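Only one structure is covered here, and it is reproduced in the block below.
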2 protein chains.
Amino acid sequence: MWILRPFFFLAMVAAAQTTAPEAARTWRQANEQAILSEFTTLLSIPNIARDLPNIRRNAALIRSMLEKRGAATRLLEIPPQVPNVPPVVYGEILTPGATQTVLFYAHYDGQPVEPKEWVGGDPFKPVLRDAPDPRIFARSASDDKAPLLAWVTALDALKAARLPLHSNVKFFLEGEEEAGSRHLGEILRAHKDLLRGDVWIFCDGPVHQNRQQQVVFGARGSVGLQLTVYGPRRELHSGHYGNWAPNAIVMLSHLIAGMRDEEGRILIAGFYDDVVPLNDRERRAIAAAPVFDEQLKEELWLQRTEGNGKRLDELINLPALNVRGISSAGVGAQSRNVIPTSATAEIRLVKGMDSRRAVGKLIAHIRSQGYYVTEQEPDAATRLQYPKVAWVQPGDGYNGVRADMDLPIAQKGVRAVESARGKVILLPTLGVSLPLAVFEEILGAPVIVVPIANHDNNQHGHNENIRLQNLWDGIETMAALLVL
Amino acid sequence: MWILRPFFFLAMVAAAQTTAPEAARTWRQANEQAILSEFTTLLSIPNIARDLPNIRRNAALIRSMLEKRGAATRLLEIPPQVPNVPPVVYGEILTPGATQTVLFYAHYDGQPVEPKEWVGGDPFKPVLRDAPDPRIFARSASDDKAPLLAWVTALDALKAARLPLHSNVKFFLEGEEEAGSRHLGEILRAHKDLLRGDVWIFCDGPVHQNRQQQVVFGARGSVGLQLTVYGPRRELHSGHYGNWAPNAIVMLSHLIAGMRDEEGRILIAGFYDDVVPLNDRERRAIAAAPVFDEQLKEELWLQRTEGNGKRLDELINLPALNVRGISSAGVGAQSRNVIPTSATAEIRLVKGMDSRRAVGKLIAHIRSQGYYVTEQEPDAATRLQYPKVAWVQPGDGYNGVRADMDLPIAQKGVRAVESARGKVILLPTLGVSLPLAVFEEILGAPVIVVPIANHDNNQHGHNENIRLQNLWDGIETMAALLVL
């Protein structure tokens, strides 16, 4: 009896002293090479959503990673009539006696790549460089394969430290987020019972620009749209026909300039009608968050920003109309003195309103500028019939959403994150267009966003990367949330 | 004596009946395969002005083609400190006792190509197709190697028919017309004595859209300009930064839309100040020319044209501001939801005024829109210093020109062309931006334009071609002008 006492005492001390984040740090420091090796394997599989064979290779690897940590896994798919849809990888660890279920979201697909623009030329060959603050460079290194690595490493750490889970834990890894989550709603509806729970922890997006951890209660919505306008059927010599043949670039420039001013103000009739303004709690959260605009401008070589001098954290709570690409004929060495035949722009509507209504208003605006708008590629007869023709191809979109910042389960999540990262920044809206609305509308549970990536991660561009320190911090944060 | 008479009589009849155009037709009909074979050899040598090794291969072949017809040839170059300038190929046939010198101009370089956009994938592998109205497809088939083939074939025909030349004849083949004729002035000044003469016959551009021969007394000027504006240093996620980071495409769209309306009207202050209006003789010529606008619109799938309904032949006597290419970030499959870092447009000013003054006015306009304009690529300090930065790279330009339609030597040329082609259309201005002004200013002799190519030749675009019939007609036209 007496002999056992010191042992019992020491165990008590250990239990009192070792928190989940501490256990995660101890484990990580002892196993960095193995952790990075597992991440390298994951990042080496190409993951563009339309590349189904590689998407399925990703899914198979993710299942094995989760199963190795004791999760039961399966693929969530929609009925066989749509076989080319990337599957969701689902994993669960049920805890006997648990009274609460926590669901974790990430996605394993990535944005399209232009290999020649990447240093090294291969977005799927991960490289660790940029010491003394090293980063891992690869497509989806931060967006959005990092959370998966953080989860499984945190599970290893908790197991090694014998720290038990308290909740049922479910993992949901989407495979077509970067392709617009086109089948997400169907998949959620088909597996509604499986996906029941008390809170979704969305692991996507970056921490604050000052590198401080943030927890965010909503996200901007998004809907894409491709717009093509037409000049003559074939390229014409600008000397012979300039002043007579309509110039498609000029037409498109007038359209774009008429949609949006240089401060970001959208000039389309009624575009702001449905915007829900920030409430007091949200305004106070923004006011309390650090102001980082001047450092960001310096970093981005910007003397001015849009929005008449308002803060970034405030501006992302307004709808935005972003033109994300434009192309017609050639420039530079490929320039020829022609009048181009068509010009294409990609417009992204980032907003707080209903995405279909927003597209409808934009199309109405194009019509008001004298265009015949068609959703089919216009043929010769159409182009001969109407003075101005615009081909509009809207994508699927999702709406913006903001959860109540005072919800008890959300506050519990915030305290867990603080146990790992100290004081955290709370914000009403994350810029990244996560499909939060789809989850809230179909499943009912609130969603909070706990990102781990660095903001300067070249997300969606070339040379995407994650700071190693962000990955290490993320493991500790996820350990804290796994024992919620 | 008696025996010789019928022979003499027949020779007299032949001399009275065979004109130069008739001799050209007879010769061509008997030698079509050999003529096309020589053309194929010429078109097979790539001829982009900056590709000096191939440019020199072209020049060598052209010399041998002219020498074979009895011309003395040489290369006209500028001093050795600029070794990378495409040479002019010069050839002359001096006629004893001639009191007049006629100079012929064409150019042997061509516009840049995008092989993958060509049917067959090789712009330098000439193909004859599109029966029953066949065309030869190759870069420079019409712009501007066809006149050379017409000249040498006409010389063969005149020799075979024993039709003598009456004038000294000089041939001038430029090698960097499509690159802006950057050294043309220097070459003309360096060889001013050699290039003296009474009239220049410019063989470039197309015949009228109704396929009727035209003689034109002037050409539009031209000056290019590349314009780049800047957003953030790197691509940013449009969700995180949309509404805050300046969008370079939107900036460029506002700039373009502010420069020019959708009817072609240039909105830059003072842009029309120096325009010399058409005189009565020129207005009458335009009124007498066939109206072809409706057919052209049908052919080009255009319901409307710019210029508030004015005729093409009239509109090309006004300056034009053409945006010939635009590019920023990606569209279609390469689209990513980013805010682009920069946007570049190629703007071509086609005008009747001084090209440098026109560029100056355009730059003043960009400044008036709040831009800091630099002709150097802006560095970080520059981009951090100014709210809006535009990098402007003006090209070399040449001015527009119109010769007096009533000049006797010009009228003589018109009659020669009519002897080959019947009634011809006379117009004050050809749309194509030929360096006529440089010739007139430096050498003093008037210039008339006698084009042979079809208008629907995809000049400067992909699948450039010449109708075989236009080539055959051109041989007859050149035969008539060679015996001027």
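So you can find residues: chains in the structure tokens are A, B, ... in the order shown, residues in each start at 1, and ligands are numbered from 1 in order.
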Excluding Thr382 in chain B and its own-chain neighbours fewer than 3 positions away, which residues fall within 12 Å of it when counting only C-alpha atoms? Please give them as a list in words. Glu298, Trp301, Leu302 and Gln303 of chain A; Tyr230, Tyr371, Tyr372, Val373, Thr374, Gln376, Glu377, Pro378, Asp379, Gln385, Tyr386, Pro387, Lys388, Val389, Ala390 and Trp391 of chain B
Determine, counting only C-alpha atoms, which protein, DNA and RNA residues have an atom within 12 Å of an atom of Val276 in chain B; residues of the same chain fewer than 3 positions away are not included. Present the result as a PyMOL selection string. chain B and resi 272-273+279+282+317-319+351-354+400-402
Selection file, N, CA and C atoms, as a PDB file, in the first residue's frame:
ATOM      1  N   TYR B 272      -7.695  64.398 -82.023  1.00  0.00           N
ATOM      2  CA  TYR B 272      -8.064  64.633 -83.426  1.00  0.00           C
ATOM      3  C   TYR B 272      -7.534  65.978 -83.950  1.00  0.00           C
ATOM      4  N   ASP B 273      -6.797  66.694 -83.099  1.00  0.00           N
ATOM      5  CA  ASP B 273      -6.397  68.059 -83.445  1.00  0.00           C
ATOM      6  C   ASP B 273      -5.679  68.175 -84.784  1.00  0.00           C
ATOM      7  N   ASN B 279      -9.979  65.845 -98.860  1.00  0.00           N
ATOM      8  CA  ASN B 279     -10.363  66.920 -99.780  1.00  0.00           C
ATOM      9  C   ASN B 279     -11.450  66.420-100.739  1.00  0.00           C
ATOM     10  N   GLU B 282     -10.709  63.396-102.947  1.00  0.00           N
ATOM     11  CA  GLU B 282     -10.681  62.160-102.169  1.00  0.00           C
ATOM     12  C   GLU B 282     -12.095  61.708-101.779  1.00  0.00           C
ATOM     13  N   ASN B 317      -9.993  56.741 -92.764  1.00  0.00           N
ATOM     14  CA  ASN B 317      -9.334  58.041 -92.860  1.00  0.00           C
ATOM     15  C   ASN B 317      -9.356  58.805 -91.530  1.00  0.00           C
ATOM     16  N   LEU B 318      -9.846  58.135 -90.496  1.00  0.00           N
ATOM     17  CA  LEU B 318      -9.805  58.705 -89.147  1.00  0.00           C
ATOM     18  C   LEU B 318      -8.811  57.912 -88.304  1.00  0.00           C
ATOM     19  N   PRO B 319      -8.211  58.545 -87.302  1.00  0.00           N
ATOM     20  CA  PRO B 319      -7.353  57.768 -86.407  1.00  0.00           C
ATOM     21  C   PRO B 319      -8.161  56.713 -85.650  1.00  0.00           C
ATOM     22  N   LYS B 351      -3.342  56.008 -87.177  1.00  0.00           N
ATOM     23  CA  LYS B 351      -3.762  57.392 -87.226  1.00  0.00           C
ATOM     24  C   LYS B 351      -3.195  58.104 -88.447  1.00  0.00           C
ATOM     25  N   GLY B 352      -3.629  59.319 -88.600  1.00  0.00           N
ATOM     26  CA  GLY B 352      -3.104  60.109 -89.697  1.00  0.00           C
ATOM     27  C   GLY B 352      -2.127  61.160 -89.227  1.00  0.00           C
ATOM     28  N   MET B 353      -1.829  61.163 -87.945  1.00  0.00           N
ATOM     29  CA  MET B 353      -1.040  62.256 -87.392  1.00  0.00           C
ATOM     30  C   MET B 353       0.373  61.811 -87.050  1.00  0.00           C
ATOM     31  N   ASP B 354       1.107  62.691 -86.384  1.00  0.00           N
ATOM     32  CA  ASP B 354       2.466  62.342 -85.994  1.00  0.00           C
ATOM     33  C   ASP B 354       2.430  61.298 -84.884  1.00  0.00           C
ATOM     34  N   GLY B 400       0.900  58.639 -91.072  1.00  0.00           N
ATOM     35  CA  GLY B 400       0.045  58.420 -92.226  1.00  0.00           C
ATOM     36  C   GLY B 400       0.400  59.377 -93.357  1.00  0.00           C
ATOM     37  N   VAL B 401      -0.003  59.047 -94.563  1.00  0.00           N
ATOM     38  CA  VAL B 401       0.329  59.891 -95.710  1.00  0.00           C
ATOM     39  C   VAL B 401      -0.712  59.689 -96.810  1.00  0.00           C
ATOM     40  N   ARG B 402      -0.970  60.747 -97.598  1.00  0.00           N
ATOM     41  CA  ARG B 402      -1.832  60.606 -98.777  1.00  0.00           C
ATOM     42  C   ARG B 402      -1.205  61.419 -99.914  1.00  0.00           C
TER      43      ARG B 402
END
Chain A contacts to chain B at 6 Å (only C-alpha atoms) as a VMD selection string: chain A and resid 232 to 233 239 to 240 242 to 246 253 to 254 257 264 300 to 307 312 320 324 to 331 338 to 339 380 383 to 387 431 to 433
Residues of the last selection are to be written out with C-alpha atoms, as a JSON list (two decimals), in the first residue's frame.
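Saved file out09.json follows:
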[["chain", "number", "residue", "atom", "x", "y", "z"],
["A", 232, "PRO", "CA", -15.51, 39.72, -85.91],
["A", 233, "ARG", "CA", -15.48, 36.03, -86.76],
["A", 239, "GLY", "CA", -5.05, 49.01, -90.03],
["A", 240, "HIS", "CA", -7.69, 47.87, -92.49],
["A", 242, "GLY", "CA", -9.71, 49.51, -86.97],
["A", 243, "ASN", "CA", -12.61, 51.94, -86.31],
["A", 244, "TRP", "CA", -15.08, 49.69, -88.09],
["A", 245, "ALA", "CA", -14.84, 46.13, -86.74],
["A", 246, "PRO", "CA", -15.96, 46.02, -83.09],
["A", 253, "SER", "CA", -13.36, 46.71, -70.86],
["A", 254, "HIS", "CA", -16.48, 48.87, -71.00],
["A", 257, "ALA", "CA", -15.58, 49.21, -65.98],
["A", 264, "GLY", "CA", -14.35, 47.92, -55.33],
["A", 300, "LEU", "CA", 2.54, 43.37, -51.39],
["A", 301, "TRP", "CA", 4.16, 46.49, -52.90],
["A", 302, "LEU", "CA", 0.89, 48.40, -52.66],
["A", 303, "GLN", "CA", 0.73, 52.11, -52.04],
["A", 304, "ARG", "CA", -3.06, 52.13, -52.15],
["A", 305, "THR", "CA", -5.84, 49.66, -51.49],
["A", 306, "GLU", "CA", -9.44, 49.60, -52.63],
["A", 307, "GLY", "CA", -12.31, 50.42, -50.30],
["A", 312, "LEU", "CA", -9.36, 44.55, -44.83],
["A", 320, "ALA", "CA", -16.85, 41.90, -53.98],
["A", 324, "ARG", "CA", -9.66, 36.96, -61.92],
["A", 325, "GLY", "CA", -8.37, 36.52, -65.43],
["A", 326, "ILE", "CA", -8.64, 38.01, -68.89],
["A", 327, "SER", "CA", -7.36, 36.88, -72.23],
["A", 328, "SER", "CA", -7.71, 37.91, -75.85],
["A", 329, "ALA", "CA", -5.28, 37.60, -78.76],
["A", 330, "GLY", "CA", -1.62, 37.90, -77.81],
["A", 331, "VAL", "CA", 0.64, 40.29, -75.93],
["A", 338, "VAL", "CA", -5.05, 42.28, -85.19],
["A", 339, "ILE", "CA", -8.50, 43.14, -83.99],
["A", 380, "ALA", "CA", -23.20, 32.57, -86.61],
["A", 383, "ARG", "CA", -23.94, 36.78, -83.77],
["A", 384, "LEU", "CA", -25.49, 38.14, -86.97],
["A", 385, "GLN", "CA", -28.81, 38.80, -85.23],
["A", 386, "TYR", "CA", -27.70, 40.88, -82.24],
["A", 387, "PRO", "CA", -25.47, 43.97, -82.13],
["A", 431, "GLY", "CA", -12.31, 35.63, -46.78],
["A", 432, "VAL", "CA", -11.92, 32.18, -48.20],
["A", 433, "SER", "CA", -15.14, 30.89, -49.70]]
At a cut-off of 10 Å, using only C-alpha atoms, what residues contact Lys68 in chain B? Leave out same-chain residues fewer than 5 positions from it and give the result as number ranges by chain. B: 62-63, 152, 156
Export of the given selection (N, CA, C and O atoms) as a PDB file, in the first residue's frame:
ATOM      1  N   ILE B  62      16.264  35.500-102.479  1.00  0.00           N
ATOM      2  CA  ILE B  62      15.645  36.577-103.258  1.00  0.00           C
ATOM      3  C   ILE B  62      16.662  37.182-104.241  1.00  0.00           C
ATOM      4  O   ILE B  62      16.337  37.452-105.410  1.00  0.00           O
ATOM      5  N   ARG B  63      17.908  37.353-103.791  1.00  0.00           N
ATOM      6  CA  ARG B  63      18.942  37.847-104.711  1.00  0.00           C
ATOM      7  C   ARG B  63      19.081  36.919-105.913  1.00  0.00           C
ATOM      8  O   ARG B  63      19.115  37.374-107.063  1.00  0.00           O
ATOM      9  N   VAL B 152       9.122  38.595-110.750  1.00  0.00           N
ATOM     10  CA  VAL B 152      10.080  37.755-111.496  1.00  0.00           C
ATOM     11  C   VAL B 152       9.366  36.951-112.573  1.00  0.00           C
ATOM     12  O   VAL B 152       9.909  36.736-113.673  1.00  0.00           O
ATOM     13  N   ASP B 156      10.027  37.090-116.637  1.00  0.00           N
ATOM     14  CA  ASP B 156      10.170  35.922-117.505  1.00  0.00           C
ATOM     15  C   ASP B 156       9.232  36.027-118.712  1.00  0.00           C
ATOM     16  O   ASP B 156       9.615  35.748-119.859  1.00  0.00           O
TER      17      ASP B 156
END
Looking only at the backbone, which of the residues in range 318-431 of chain B does DSSP tag as alpha helix (DSSP H), as a ChimeraX atom specification? /B:355-368,380-385,408-421
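With distances restricted to only C-alpha atoms, B:Pro79 is the closest residue to Ala190 in chain B from B:Gly413, B:Pro79, B:Gly370, B:Pro435.
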If we count only C-alpha atoms and set the cut-off at 9 Å, which residues sit around range 27-33 of chain B, ignoring sequence neighbours fewer than 5 positions away in its own chain? Please answer as a ChimeraX atom specification. /B:22,38,153-154,156-158,160-161,472,475
One decimal, Å: what's the distance from CA of Ile93 in chain A over to CA of Ala71 in chain A, could you say?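 Distance between the two atoms: 5.0 Å.
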If you count only C-alpha atoms, which residues fall within 9 Å of Pro290 in chain A, apart from same-chain ones fewer than 5 positions away, as an NGL selection string? :A and (208 or 210 or 425)
Quick one: of B:Leu471, B:Val359, B:Ile268, B:Val215, who's nearest to Ala416 in chain B, counting only C-alpha atoms? B:Val215
Would you please work out which residue, of A:Pro451, A:Gly97, A:Pro21, A:Lys145, is nearest to Leu61 in chain A when using only C-alpha atoms?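 Smallest separation from Leu61 in chain A among the options: A:Lys145.
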